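protein_28.cif follows; it contains mmCIF, C-alpha atoms and all ligand atoms.
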```cif
data_query
loop_
_atom_site.label_atom_id
_atom_site.label_comp_id
_atom_site.auth_asym_id
_atom_site.auth_seq_id
_atom_site.Cartn_x
_atom_site.Cartn_y
_atom_site.Cartn_z
CA MET A 275 49.45 -48.59 11.25
CA ALA A 276 47.13 -51.58 11.22
CA VAL A 277 44.78 -51.60 8.26
CA GLU A 278 41.02 -51.94 8.89
CA PHE A 279 39.27 -54.84 7.18
CA ALA A 280 35.67 -56.02 6.90
CA PRO A 281 34.57 -58.51 9.59
CA LEU A 282 35.12 -62.17 8.69
CA LYS A 283 31.92 -63.94 7.62
CA ASN A 284 33.31 -67.49 7.50
CA ASP A 285 35.76 -68.49 10.24
CA LEU A 286 35.48 -72.26 9.77
CA LEU A 287 39.14 -72.52 8.71
CA LEU A 288 40.41 -70.60 11.72
CA ARG A 289 38.29 -72.61 14.17
CA ALA A 290 39.46 -75.92 12.73
CA ALA A 291 43.08 -74.69 12.74
CA ARG A 292 42.75 -73.98 16.45
CA GLY A 293 41.72 -77.59 16.98
CA GLU A 294 38.01 -76.94 17.50
CA GLN A 295 35.15 -79.18 16.52
CA THR A 296 33.36 -77.78 13.48
CA GLU A 297 29.95 -78.45 11.91
CA ARG A 298 31.78 -79.65 8.79
CA ALA A 299 35.39 -79.59 7.62
CA PRO A 300 36.58 -76.33 6.03
CA VAL A 301 38.01 -76.96 2.56
CA TRP A 302 40.54 -75.28 0.31
CA VAL A 303 43.10 -76.65 -2.14
CA MET A 304 46.80 -75.97 -2.62
CA ARG A 305 47.36 -74.26 -6.03
CA GLN A 306 43.63 -73.45 -6.14
CA ALA A 307 44.46 -70.38 -8.21
CA GLY A 308 46.36 -72.08 -11.00
CA ARG A 309 46.48 -73.49 -14.47
CA TYR A 310 43.42 -75.77 -14.21
CA LEU A 311 41.30 -72.58 -14.23
CA PRO A 312 40.61 -71.12 -17.71
CA GLU A 313 40.42 -67.62 -16.22
CA PHE A 314 43.97 -68.09 -14.83
CA ARG A 315 45.31 -69.29 -18.20
CA GLU A 316 43.65 -66.34 -19.90
CA LEU A 317 45.34 -63.77 -17.66
CA ARG A 318 48.61 -65.70 -17.75
CA LYS A 319 48.76 -65.34 -21.57
CA ASP A 320 49.53 -61.65 -21.20
CA HIS A 321 51.82 -61.74 -18.16
CA GLU A 322 54.97 -63.49 -17.00
CA PHE A 323 54.66 -65.57 -13.83
CA PHE A 324 56.82 -63.36 -11.58
CA GLU A 325 55.33 -60.22 -13.14
CA ILE A 326 51.96 -61.35 -11.73
CA CYS A 327 53.56 -62.00 -8.34
CA ARG A 328 55.07 -58.51 -8.35
CA THR A 329 51.95 -56.66 -9.47
CA PRO A 330 49.52 -56.43 -6.53
CA HIS A 331 46.34 -55.96 -8.58
CA LEU A 332 47.16 -58.99 -10.79
CA ALA A 333 48.07 -61.16 -7.78
CA THR A 334 44.81 -60.03 -6.12
CA GLU A 335 42.76 -60.82 -9.20
CA ILE A 336 44.16 -64.36 -9.39
CA THR A 337 43.81 -64.92 -5.64
CA LEU A 338 40.11 -64.12 -5.99
CA GLN A 339 39.42 -66.24 -9.08
CA PRO A 340 38.68 -69.50 -7.24
CA VAL A 341 36.82 -67.65 -4.46
CA ARG A 342 34.42 -66.16 -7.00
CA ARG A 343 34.00 -69.34 -9.01
CA TYR A 344 33.39 -71.52 -5.95
CA SER A 345 31.60 -69.00 -3.75
CA GLY A 346 29.90 -70.74 -0.83
CA LEU A 347 31.99 -73.90 -1.28
CA LEU A 348 35.55 -72.70 -0.70
CA ASP A 349 36.55 -71.71 2.84
CA ALA A 350 39.85 -69.89 2.27
CA ALA A 351 41.85 -67.81 -0.17
CA ILE A 352 45.64 -68.16 -0.47
CA ILE A 353 47.67 -65.23 -1.70
CA PHE A 354 48.98 -65.74 -5.22
CA SER A 355 52.78 -65.76 -5.08
CA ASP A 356 55.56 -68.34 -5.01
CA ILE A 357 57.99 -69.72 -2.45
CA LEU A 358 60.90 -68.67 -4.71
CA VAL A 359 60.39 -64.94 -4.07
CA ILE A 360 62.70 -65.43 -1.06
CA PRO A 361 65.76 -66.56 -3.04
CA GLN A 362 65.01 -63.64 -5.38
CA ALA A 363 64.92 -61.24 -2.42
CA MET A 364 68.25 -62.73 -1.27
CA GLY A 365 69.75 -61.63 -4.60
CA MET A 366 69.37 -64.71 -6.80
CA GLU A 367 67.91 -64.69 -10.27
CA VAL A 368 64.99 -67.11 -10.71
CA LEU A 369 63.30 -67.85 -14.03
CA MET A 370 60.06 -69.78 -14.58
CA ASN A 371 60.27 -71.57 -17.92
CA PRO A 372 58.04 -73.50 -17.30
CA GLY A 373 59.57 -74.91 -14.08
CA PRO A 374 61.83 -72.80 -11.88
CA SER A 375 65.49 -72.39 -12.85
CA PHE A 376 68.36 -70.44 -11.31
CA PRO A 377 71.03 -69.40 -13.83
CA ASP A 378 73.58 -68.95 -11.04
CA PRO A 379 72.94 -71.47 -8.20
CA LEU A 380 75.00 -71.83 -5.01
CA ASN A 381 77.63 -74.37 -6.06
CA THR A 382 79.80 -74.28 -2.95
CA PRO A 383 79.65 -72.48 0.41
CA GLU A 384 81.94 -69.83 -1.16
CA ASP A 385 78.93 -68.71 -3.22
CA ILE A 386 77.03 -67.66 -0.07
CA LYS A 387 79.02 -64.42 -0.36
CA LYS A 388 76.98 -63.60 -3.46
CA LEU A 389 73.79 -63.31 -1.42
CA ARG A 390 72.50 -59.93 -0.27
CA GLU A 391 73.93 -59.34 3.18
CA HIS A 392 71.24 -57.37 4.99
CA LEU A 393 67.80 -58.02 3.74
CA ASP A 394 64.99 -55.58 4.45
CA VAL A 395 61.83 -57.60 3.77
CA ASN A 396 59.75 -54.44 3.43
CA LYS A 397 61.99 -53.24 0.64
CA GLU A 398 62.53 -56.54 -1.18
CA LEU A 399 59.16 -58.20 -0.58
CA GLY A 400 56.88 -55.23 0.05
CA TYR A 401 55.06 -56.07 -3.16
CA VAL A 402 53.76 -59.27 -1.53
CA PHE A 403 52.56 -57.30 1.51
CA GLU A 404 50.75 -54.86 -0.78
CA ALA A 405 49.10 -57.75 -2.63
CA ILE A 406 47.99 -59.27 0.68
CA THR A 407 46.39 -56.03 1.88
CA MET A 408 44.68 -55.53 -1.47
CA ALA A 409 43.40 -59.12 -1.63
CA ARG A 410 42.15 -59.02 1.97
CA LYS A 411 40.20 -55.83 1.23
CA GLU A 412 38.81 -57.28 -1.97
CA LEU A 413 37.69 -60.45 -0.15
CA LYS A 414 35.39 -58.27 2.00
CA GLY A 415 35.47 -60.84 4.78
CA GLU A 416 34.03 -63.64 2.66
CA VAL A 417 36.76 -66.12 3.66
CA PRO A 418 40.11 -65.83 5.49
CA LEU A 419 43.31 -65.11 3.57
CA ILE A 420 46.27 -67.50 3.93
CA GLY A 421 49.85 -66.21 3.69
CA PHE A 422 52.78 -68.56 3.13
CA THR A 423 56.49 -69.12 2.79
CA GLY A 424 58.71 -71.94 1.61
CA ALA A 425 60.57 -73.66 4.46
CA PRO A 426 64.36 -73.35 4.72
CA TRP A 427 65.33 -76.85 3.54
CA THR A 428 63.02 -76.65 0.48
CA LEU A 429 64.35 -73.19 -0.46
CA PHE A 430 67.95 -74.31 0.18
CA MET A 431 67.41 -77.24 -2.16
CA TYR A 432 66.24 -74.94 -4.99
CA MET A 433 69.05 -72.43 -4.36
CA VAL A 434 71.73 -75.14 -4.48
CA GLU A 435 70.32 -77.37 -7.23
CA GLY A 436 69.31 -74.42 -9.37
CA GLY A 437 65.84 -75.91 -9.95
CA GLY A 438 63.92 -79.10 -9.32
CA SER A 439 65.98 -82.28 -9.03
CA LYS A 440 65.33 -86.03 -8.94
CA THR A 441 68.53 -87.02 -7.14
CA LEU A 442 69.20 -83.90 -5.02
CA GLN A 443 72.88 -84.63 -5.61
CA LYS A 444 74.10 -81.10 -5.03
CA SER A 445 71.95 -80.24 -2.03
CA LYS A 446 72.69 -83.59 -0.35
CA THR A 447 76.38 -83.04 -1.01
CA TRP A 448 76.10 -79.79 0.91
CA LEU A 449 74.30 -81.43 3.85
CA PHE A 450 76.85 -84.21 4.24
CA LYS A 451 80.04 -82.50 3.14
CA TYR A 452 79.44 -79.04 4.58
CA PRO A 453 76.95 -79.59 7.44
CA GLU A 454 77.97 -76.50 9.40
CA GLU A 455 77.79 -74.17 6.39
CA SER A 456 74.48 -75.78 5.45
CA LYS A 457 73.06 -75.18 8.91
CA ALA A 458 74.24 -71.57 8.88
CA LEU A 459 72.49 -71.00 5.55
CA LEU A 460 69.32 -72.78 6.71
CA GLU A 461 69.28 -70.54 9.78
CA ARG A 462 69.76 -67.42 7.69
CA ILE A 463 66.87 -68.43 5.42
CA ALA A 464 64.71 -69.22 8.49
CA ASP A 465 65.20 -65.72 9.90
CA ILE A 466 64.18 -64.15 6.60
CA CYS A 467 61.12 -66.44 6.42
CA ALA A 468 60.11 -65.33 9.93
CA ASP A 469 60.40 -61.60 9.11
CA TYR A 470 58.54 -62.24 5.87
CA LEU A 471 55.65 -64.01 7.65
CA VAL A 472 55.39 -61.27 10.27
CA GLY A 473 55.14 -58.72 7.43
CA GLN A 474 52.36 -60.83 5.91
CA VAL A 475 50.38 -60.79 9.17
CA LYS A 476 50.84 -57.01 9.45
CA ALA A 477 49.53 -56.74 5.89
CA GLY A 478 46.43 -58.84 6.64
CA ALA A 479 47.22 -62.59 6.41
CA GLN A 480 44.96 -64.58 8.78
CA LEU A 481 46.72 -67.96 8.75
CA LEU A 482 50.28 -68.82 7.70
CA GLN A 483 51.47 -71.97 5.95
CA VAL A 484 55.08 -73.10 5.74
CA PHE A 485 55.69 -75.35 2.70
CA GLU A 486 58.40 -77.94 3.34
CA SER A 487 57.72 -79.70 0.04
CA ASN A 488 61.00 -81.62 0.10
CA ALA A 489 60.78 -83.01 3.64
CA GLY A 490 60.28 -86.52 2.24
CA GLU A 491 63.72 -86.46 0.64
CA LEU A 492 65.32 -86.57 4.09
CA SER A 493 65.73 -89.60 6.36
CA PRO A 494 63.72 -89.34 9.59
CA HIS A 495 66.96 -88.44 11.37
CA ASP A 496 67.87 -85.78 8.84
CA TYR A 497 64.33 -84.42 8.92
CA GLU A 498 64.95 -83.71 12.59
CA THR A 499 68.42 -82.33 11.82
CA PHE A 500 68.02 -80.19 8.71
CA SER A 501 64.32 -79.39 8.49
CA LEU A 502 62.41 -79.31 11.77
CA PRO A 503 64.85 -77.15 13.79
CA TYR A 504 64.50 -74.41 11.17
CA THR A 505 60.72 -74.60 10.71
CA THR A 506 60.49 -74.51 14.52
CA ARG A 507 62.79 -71.50 14.58
CA ILE A 508 60.41 -69.73 12.18
CA LEU A 509 57.43 -70.54 14.42
CA THR A 510 59.16 -69.31 17.58
CA ARG A 511 60.34 -66.10 15.97
CA VAL A 512 56.96 -65.32 14.39
CA ARG A 513 55.17 -65.95 17.69
CA SER A 514 57.54 -63.71 19.66
CA SER A 515 57.61 -60.90 17.07
CA LEU A 516 53.82 -60.82 16.87
CA SER A 517 53.55 -60.60 20.62
CA SER A 518 56.21 -57.88 20.95
CA LEU A 519 54.42 -55.90 18.22
CA SER A 520 51.10 -56.43 20.09
CA LEU A 521 49.67 -58.12 17.01
CA PRO A 522 47.22 -61.01 17.42
CA GLN A 523 48.64 -64.52 16.95
CA VAL A 524 47.45 -66.33 13.83
CA PRO A 525 47.28 -70.12 13.39
CA MET A 526 50.32 -71.63 11.68
CA THR A 527 50.43 -74.71 9.44
CA LEU A 528 53.50 -76.80 8.68
CA PHE A 529 53.31 -78.94 5.53
CA PRO A 530 56.29 -81.32 5.68
CA LYS A 531 55.41 -83.25 2.53
CA GLY A 532 56.57 -86.85 2.66
CA ALA A 533 57.72 -86.85 6.31
CA ASN A 534 55.33 -89.71 6.95
CA THR A 535 57.07 -92.12 9.31
CA THR A 536 55.41 -92.24 12.73
CA PRO A 537 58.42 -90.64 14.49
CA SER A 538 58.42 -87.80 11.95
CA VAL A 539 54.65 -87.25 12.27
CA VAL A 540 54.99 -87.18 16.06
CA ALA A 541 57.95 -84.78 15.86
CA SER A 542 56.02 -82.44 13.52
CA ALA A 543 52.93 -82.63 15.72
CA ASN A 544 55.09 -81.78 18.74
CA SER A 545 56.73 -78.81 17.02
CA GLY A 546 54.17 -76.31 18.26
CA TYR A 547 52.58 -75.66 14.86
CA ASP A 548 48.79 -75.51 15.12
CA VAL A 549 48.19 -77.57 11.98
CA ILE A 550 50.21 -80.29 10.24
CA GLY A 551 49.58 -80.81 6.53
CA LEU A 552 49.63 -84.42 5.35
CA ASP A 553 50.14 -85.83 1.87
CA TRP A 554 48.17 -88.86 0.65
CA CYS A 555 50.78 -91.46 1.54
CA VAL A 556 49.81 -91.56 5.21
CA ARG A 557 46.45 -92.55 6.70
CA GLY A 558 44.65 -89.74 8.50
CA SER A 559 43.66 -92.08 11.32
CA VAL A 560 47.28 -93.22 11.79
CA ALA A 561 48.57 -89.63 11.97
CA ARG A 562 45.80 -88.75 14.41
CA SER A 563 46.44 -91.62 16.74
CA ALA A 564 50.23 -91.16 16.62
CA ALA A 565 49.79 -87.53 17.65
CA ALA A 566 47.18 -88.43 20.29
CA ALA A 567 49.39 -91.12 21.81
CA ALA A 568 52.24 -88.64 22.00
CA ASN A 569 49.95 -86.28 23.94
CA VAL A 570 51.10 -83.39 21.78
CA ARG A 571 50.83 -79.79 22.90
CA ASP A 572 50.03 -80.77 26.46
CA GLY A 573 46.95 -82.72 25.47
CA LYS A 574 45.42 -79.89 23.42
CA GLY A 575 46.19 -81.84 20.27
CA VAL A 576 47.23 -80.70 16.85
CA ALA A 577 44.98 -80.10 13.84
CA PHE A 578 45.58 -81.87 10.53
CA GLN A 579 45.15 -80.74 6.94
CA GLY A 580 44.84 -82.93 3.88
CA ASN A 581 45.09 -85.34 2.31
CA LEU A 582 43.37 -86.64 -0.83
CA ASP A 583 45.65 -87.87 -3.63
CA PRO A 584 45.41 -84.98 -6.17
CA ALA A 585 45.14 -87.59 -8.94
CA VAL A 586 41.75 -88.72 -7.61
CA LEU A 587 40.41 -85.59 -9.34
CA TYR A 588 41.16 -87.33 -12.64
CA GLY A 589 39.02 -90.33 -11.69
CA GLY A 590 35.56 -88.91 -12.39
CA ARG A 591 32.60 -88.21 -10.10
CA GLU A 592 32.13 -91.66 -8.66
CA ALA A 593 35.78 -92.07 -7.68
CA ILE A 594 35.93 -88.56 -6.22
CA GLU A 595 32.85 -89.19 -4.09
CA ARG A 596 34.07 -92.59 -2.90
CA GLU A 597 37.56 -91.33 -2.01
CA VAL A 598 36.35 -88.14 -0.30
CA LYS A 599 33.98 -90.28 1.79
CA ARG A 600 36.90 -92.52 2.73
CA MET A 601 39.03 -89.49 3.65
CA CYS A 602 36.22 -88.07 5.81
CA GLU A 603 35.92 -91.38 7.64
CA GLU A 604 39.67 -91.27 8.38
CA PHE A 605 39.51 -87.80 9.88
CA LYS A 606 36.03 -87.41 11.35
CA GLY A 607 35.41 -88.22 14.99
CA GLN A 608 33.23 -91.24 15.78
CA ASP A 609 30.74 -89.30 17.90
CA GLY A 610 28.69 -87.87 15.00
CA LYS A 611 29.46 -84.35 16.18
CA GLY A 612 31.51 -83.36 13.17
CA PRO A 613 35.25 -83.20 12.64
CA LYS A 614 37.59 -81.86 15.29
CA GLY A 615 40.68 -79.98 14.10
CA TRP A 616 40.56 -81.09 10.48
CA ILE A 617 40.95 -78.95 7.34
CA ALA A 618 40.09 -80.84 4.15
CA ASN A 619 42.56 -80.37 1.28
CA LEU A 620 44.44 -82.38 -1.29
CA GLY A 621 47.72 -83.98 -0.25
CA HIS A 622 49.59 -81.64 -2.63
CA GLY A 623 48.71 -79.02 -5.23
CA ILE A 624 45.88 -79.42 -7.74
CA THR A 625 47.32 -80.28 -11.15
CA PRO A 626 46.78 -78.40 -14.43
CA GLY A 627 44.68 -81.08 -16.18
CA VAL A 628 41.83 -81.14 -13.65
CA ASP A 629 38.35 -80.13 -14.87
CA PRO A 630 37.17 -77.17 -12.70
CA GLU A 631 33.77 -78.90 -12.39
CA ASP A 632 35.48 -81.90 -10.78
CA MET A 633 37.16 -79.56 -8.28
CA LYS A 634 33.66 -78.25 -7.49
CA TRP A 635 32.39 -81.77 -6.99
CA PHE A 636 35.32 -82.50 -4.65
CA MET A 637 34.30 -79.58 -2.43
CA GLN A 638 30.61 -80.53 -2.55
CA CYS A 639 31.52 -84.04 -1.42
CA VAL A 640 33.60 -82.65 1.47
CA HIS A 641 30.61 -80.55 2.57
CA LYS A 642 28.38 -83.61 2.44
CA TYR A 643 30.54 -86.30 4.01
CA SER A 644 32.35 -84.25 6.66
CA ALA A 645 29.19 -82.78 8.20
CA ALA A 646 27.99 -83.53 11.70
CA ALA A 647 25.34 -86.27 11.76
O1 LIG B 1 48.41 -72.35 -3.78
C1 LIG B 1 48.16 -71.33 -4.44
O2 LIG B 1 47.19 -71.25 -5.24
C2 LIG B 1 49.00 -70.10 -4.20
C3 LIG B 1 50.10 -69.92 -5.09
C4 LIG B 1 51.30 -70.82 -5.07
C5 LIG B 1 52.10 -71.06 -6.21
N1 LIG B 1 53.22 -71.76 -5.83
C6 LIG B 1 51.76 -70.60 -7.57
C7 LIG B 1 52.41 -71.27 -8.73
C8 LIG B 1 51.93 -71.46 -3.98
C9 LIG B 1 51.49 -71.59 -2.53
C10 LIG B 1 53.15 -72.03 -4.49
C11 LIG B 1 54.11 -72.73 -3.63
C12 LIG B 1 55.26 -73.41 -4.25
N2 LIG B 1 56.01 -72.98 -5.31
C13 LIG B 1 55.84 -74.59 -3.75
C14 LIG B 1 55.39 -75.33 -2.52
C15 LIG B 1 54.19 -76.16 -2.77
C16 LIG B 1 54.46 -77.34 -3.65
O3 LIG B 1 53.86 -77.38 -4.75
O4 LIG B 1 55.22 -78.22 -3.26
C17 LIG B 1 56.92 -74.91 -4.59
C18 LIG B 1 57.83 -76.13 -4.45
C19 LIG B 1 57.03 -73.89 -5.56
C20 LIG B 1 58.04 -73.75 -6.64
C21 LIG B 1 57.42 -73.85 -7.96
N3 LIG B 1 56.62 -72.86 -8.52
C22 LIG B 1 57.52 -74.91 -8.88
C23 LIG B 1 58.29 -76.19 -8.64
C24 LIG B 1 56.77 -74.56 -10.00
C25 LIG B 1 56.67 -75.31 -11.28
C26 LIG B 1 55.88 -76.54 -11.13
C27 LIG B 1 54.46 -76.29 -11.52
O5 LIG B 1 53.54 -76.65 -10.78
O6 LIG B 1 54.31 -75.78 -12.65
C28 LIG B 1 56.17 -73.30 -9.74
C29 LIG B 1 55.26 -72.54 -10.65
C30 LIG B 1 53.95 -72.10 -10.11
N4 LIG B 1 53.72 -71.60 -8.86
C31 LIG B 1 52.73 -72.09 -10.84
C32 LIG B 1 51.75 -71.56 -9.98
C33 LIG B 1 50.31 -71.30 -10.30
C34 LIG B 1 52.54 -72.49 -12.30
C35 LIG B 1 53.39 -71.63 -13.15
C36 LIG B 1 52.74 -70.95 -14.31
O7 LIG B 1 51.68 -70.33 -14.22
O8 LIG B 1 53.39 -71.01 -15.36
#
```

Would you mind giving the structure from this file in structure tokens?
Ligand code: CP3
Amino acid sequence: MAVEFAPLKNDLLLRAARGEQTERAPVWVMRQAGRYLPEFRELRKDHEFFEICRTPHLATEITLQPVRRYSGLLDAAIIFSDILVIPQAMGMEVLMNPGPSFPDPLNTPEDIKKLREHLDVNKELGYVFEAITMARKELKGEVPLIGFTGAPWTLFMYMVEGGGSKTLQKSKTWLFKYPEESKALLERIADICADYLVGQVKAGAQLLQVFESNAGELSPHDYETFSLPYTTRILTRVRSSLSSLSLPQVPMTLFPKGANTTPSVVASANSGYDVIGLDWCVRGSVARSAAAAANVRDGKGVAFQGNLDPAVLYGGREAIEREVKRMCEEFKGQDGKGPKGWIANLGHGITPGVDPEDMKWFMQCVHKYSAAA
């Protein structure tokens, strides 16, 4: 049965995600509950990374840390978890020491047999759903709660490489040597991601983000061959499951990091996702006009999220203010009425060395420079 939650007090994120004009840009930051926060490091001393993910009250506590610290400045919470819980649910062992590593990666298509054949997301990932429900209750409607998944190509890359990789030798070998097996695996991952996201909405997630962090490793052609068809499959399946379950639709964000050529931006904007996340290597105004010229979503337009270089937060107050102002000028409309369909964020996750006071200043600058005249 659907759980009852407190009414939402701040819907700025959801309005911007639907492409509406807002009085100022909503702001949140990828990895906002992470190692730059002393309260995160304190709790992390006593618990393993995946132990926190699997323990709903710990995941809830960490999800709320930035919301409490930055109350009134931050416009969203994101559930504390990791994209690699999906490979774990599929039967793979994943360690975090300190980066992710898989002791037994998928070396050849033969290894696909080792994966769990029928995956019940409620059984394998129910702990994430519980954490979402608990966090949403604990938020008491202060800000919306974001759920997320890794995208198929990014998860595939970790499952095949066995961790991060500079060359992507193994995962690229799969794509070019075993394209059909690769596509079958990408499709299988996509279907799990879709079920997983639907479970997150049932549990209380109010917006969903799909992290395709390795999109930029693919050529524009391969982005449209090995990434976009599967992120689109997730979108279509989530939309149709929610409607057949009579659940309300939630906005969906695709973050195809590094897919910055104009054809890729246009293809992402045309995918049907409500919001496209941008990294800092593309100008906001260029992405906007590419999408506008392509008349995406029958003229309704797509919303964008991003895209300050996370390293700007190392530059001190003056640099942060200057660069946030520049970002706001890229994304804000010219009519003085405030931004339309823009969610302010960094272009990737906040990094561990950032001073939490500089993160606060970043958000204060967004409030100031994105506001309607
Ligand atoms: O954004 C949030 O605050 C929510 C939590 C969140 C984490 N990981 C927590 C985390 C989210 C949304 C993720 C997504 C994620 N995880 C991605 C996609 C986004 C991106 O950064 O590109 C990826 C590729 C992963 C896989 C992953 N998890 C890596 C490569 C690493 C190690 C690198 C790093 O930043 O340390 C992690 C670990 C991780 N995930 C940490 C956190 C807070 C730090 C680990 C720790 O506490 O020891």

Proximity check chain A to ligand LIG 1 (chain B), 7 Å, nearest pairs one decimal Å, all atoms listed in the file, as a tab-separated table:
```
residue	atom	partner	partner_atom	distance
A:Met304	CA	B:LIG1	O1	4.1
A:Arg305	CA	B:LIG1	O2	3.1
A:Gln306	CA	B:LIG1	O2	4.3
A:Ala307	CA	B:LIG1	O2	4.1
A:Gly308	CA	B:LIG1	C33	4.1
A:Arg309	CA	B:LIG1	C33	6.1
A:Arg318	CA	B:LIG1	O7	6.6
A:Phe323	CA	B:LIG1	O7	5.6
A:Ile352	CA	B:LIG1	C2	5.4
A:Ile353	CA	B:LIG1	C2	5.6
A:Phe354	CA	B:LIG1	C3	4.3
A:Ser355	CA	B:LIG1	C3	4.9
A:Asp356	CA	B:LIG1	N1	4.2
A:Ile357	CA	B:LIG1	N2	4.8
A:Leu358	CA	B:LIG1	C20	6.1
A:Met370	CA	B:LIG1	C29	6.8
A:Pro372	CA	B:LIG1	O8	5.6
A:Gly373	CA	B:LIG1	C25	4.1
A:Pro374	CA	B:LIG1	C22	5.7
A:Phe422	CA	B:LIG1	C9	6.5
A:Gly424	CA	B:LIG1	C14	6.3
A:Gly438	CA	B:LIG1	C23	6.4
A:Phe485	CA	B:LIG1	C14	5.2
A:Ser487	CA	B:LIG1	O4	4.4
A:His622	CA	B:LIG1	O3	6.4
A:Gly623	CA	B:LIG1	O3	5.4
```

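For the pair CA of Asn569 in chain A and CA of Val539 in chain A, the interatomic distance is 12.6 Å.
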
Can you list every residue of range 538-626 of chain A that has an atom at most 10 Å from range 511-525 of chain A, with its nearest atom pair and the distance in Å to one decimal, using all atoms listed in the file, ordered by chain then number, as CSV?
```
residue,atom,partner,partner_atom,distance
A:Tyr547,CA,A:Pro525,CA,7.8
A:Asp548,CA,A:Pro525,CA,5.9
A:Val549,CA,A:Pro525,CA,7.6
```

* **Test item: residues at most 12 Å from Trp448 in chain A, only C-alpha atoms, excluding those fewer than 5 positions along its chain, as an MDAnalysis selection string** => chainID A and resid 380:384 427 430:431 433:435 442:443 453:460 500

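Counting from CA of Tyr310 in chain A, the distance to CA of Glu325 in chain A is 19.6 Å.
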
* To do: Would you mind telling me which residue in A:Tyr504, A:Tyr452, A:Tyr470, A:Phe605 lies nearest to Val556 in chain A when using only C-alpha atoms?
  => A:Phe605

* Asked: Please, which residues are within 10 Å of (56.0, -78.3, 4.5) by the file's coordinates, counting only C-alpha atoms, and could they come as a VMD selection string?
  -> chain A and resid 423 to 428 483 to 490 501 to 502 505 527 to 533 542 550 to 553

Just need the box for range 526-536 of chain A, edges along x, y and z, holding every atom the file lists for it with 4 Å tacked onto each side, so centre and edge lengths in Å to one decimal, as AutoDock Vina command-line options.
```
--center_x 54.0 --center_y -81.9 --center_z 7.6 --size_x 15.4 --size_y 28.6 --size_z 18.2
```

* Asked: What lies within 12 Å of Asp394 in chain A using all atoms listed in the file, ignoring chain neighbours under 4 positions off, as a ChimeraX atom specification?
  -> /A:360,363-365,390,398-400,465-467,469-470,473

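Of the residues listed (A:Leu419, A:Leu582, A:Leu389, A:Cys602), A:Leu419 shows the shortest atom-to-atom separation from Ala477 in chain A; distances use all atoms listed in the file.
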
* To do: Skip Met637 in chain A itself and residues of its chain fewer than 3 positions away, then list as number ranges by chain all residues within 8 Å of it, counting all atoms listed in the file.
  => A: 301, 347-348, 633-634, 640-641

* To do: Pick out the residues sitting within 8 Å of Met408 in chain A, and hand them over as a ChimeraX atom specification; count all atoms listed in the file, and ignore anything fewer than 3 positions along from it in its own chain.
  => /A:330-331,334,404-405,411-412

* Just how far from CA of Leu287 in chain A is CA of Lys606 in chain A, in Å to one decimal? -> 15.4 Å

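Checking A:Leu311, A:Ala350, A:Leu481, A:Val628 one by one against Gly589 in chain A, counting all atoms listed in the file, you find the shortest gap at A:Val628.
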